[in-house]
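One structure is given below, encoded as structure tokens.
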Amino acid sequence: MRKVILQFIVFALALLAAPLYGQTPACTIASGDWAAKSLGNSQADTFSAAFDATPQGNGIDVNVALSQDLPAAYTDLGAIVRFNPWGDIDVRNGDRYAAVYPQPYSANSTCHFVVVVNVPAHWCTVYVT
């Protein structure tokens with residue numbers, strides 16, 4: 001499988017809608033409202049988060065993100081991975097979205113993400129397979 005490396009700045013850290021640290025996998029389907037899942041773990045060093053995400057359509061604009069606490073607004077999100085309206089996966093890089101390599105997605109095709117986060121340096125790398 002092709003691995004794509006996407007790098008971006010991370011401002012906050014905890015995963016939404018994804019299993020991590022041996023938790024039982026759970027499925028969350030977006031409804032237009034926040035669908036936040038607390039991991040109950042706070043991280044202060046380098047760590048990895050792995051999750052699967054399945055876009056429910058083509059040409060959507062949907063985010064899966066990390067944040068310090070349960071977010072109340074988009075501005076509370078840190079590490080953001082997006083299924084963008086043009087059919088690609090990109091990530092938040094400062095004040096915009098970017099990708100080192102184009103990574104297309106298709107409706108109902110599951111993508112596996114691994115996010116390696118360095119909390120003290122405020123960065124992370126995202127792998128998509």
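FYI, nothing fancy with the structure tokens labels: chains A, B, ... in order, residues from 1 per chain, ligands from 1 as they appear.
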Do a neighbour search on Asn108 of chain A at 6 Å with only C-alpha atoms, toss out local chain neighbours closer than 3 positions, and write the hits as a compact mmCIF listing (two decimals) with N, CA and C atoms, in the first residue's frame.
```txt
# COMPACT_ATOMS: atom_id res chain seq x y z
N THR A 54 -13.92 6.27 7.40
CA THR A 54 -14.57 5.92 6.13
C THR A 54 -15.46 7.07 5.70
N PRO A 55 -15.09 7.77 4.62
CA PRO A 55 -15.96 8.85 4.14
C PRO A 55 -17.26 8.28 3.61
N GLN A 56 -18.36 8.87 3.98
CA GLN A 56 -19.69 8.38 3.59
C GLN A 56 -20.15 8.93 2.25
```
Could you work out how far atom CA of Val91 of chain A lies from atom CA of Gly59 of chain A, giving the answer in Å with one decimal?
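Computing it gives 15.8 Å between the two atoms.
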message: Report, in Å with one decimal, the straight-line distance from atom CA of Ala36 of chain A to atom CA of Tyr97 of chain A.
response: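 Distance between the two atoms: 21.4 Å.
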Among listed residues A:Asp45, A:Asp61, A:Asp69, A:Asp52, nearest Phe83 of chain A (using only C-alpha atoms):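 Closest to Phe83 of chain A, using only C-alpha atoms: A:Asp61.
Distances to Trp34 of chain A were evaluated for A:Asp76, A:Val117, A:His122, A:Val100 using only C-alpha atoms, and the minimum falls at A:Asp76.
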Atom pair atom CA of Thr129 of chain A + atom CA of Ala49 of chain A, distance 14.1 Å
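Closest approach to Gln43 of chain A among A:Ala107, A:Gln68, A:Gly57, A:Phe113 is made by A:Gln68 (distances from only C-alpha atoms).
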(message) Can you pull out the residues contacting Asn58 of chain A? Cut-off 12 Å, using only C-alpha atoms, and skip same-chain residues under 6 positions away; I want them as a ChimeraX atom specification.
(response) /A:83-89,104-109
**Message:** Which residues are near Arg92 of chain A? Cut-off 8 Å, only C-alpha atoms, ignore same chain within fewer than 2 positions. Put them as an MDAnalysis selection string.
**Reply:** chainID A and resid 8:9 79:82 90 94:98
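Comparing A:Leu39, A:Cys124, A:Cys111, A:Val119 by their smallest distance to Ala53 of chain A, the closest is A:Cys111 (using only C-alpha atoms).
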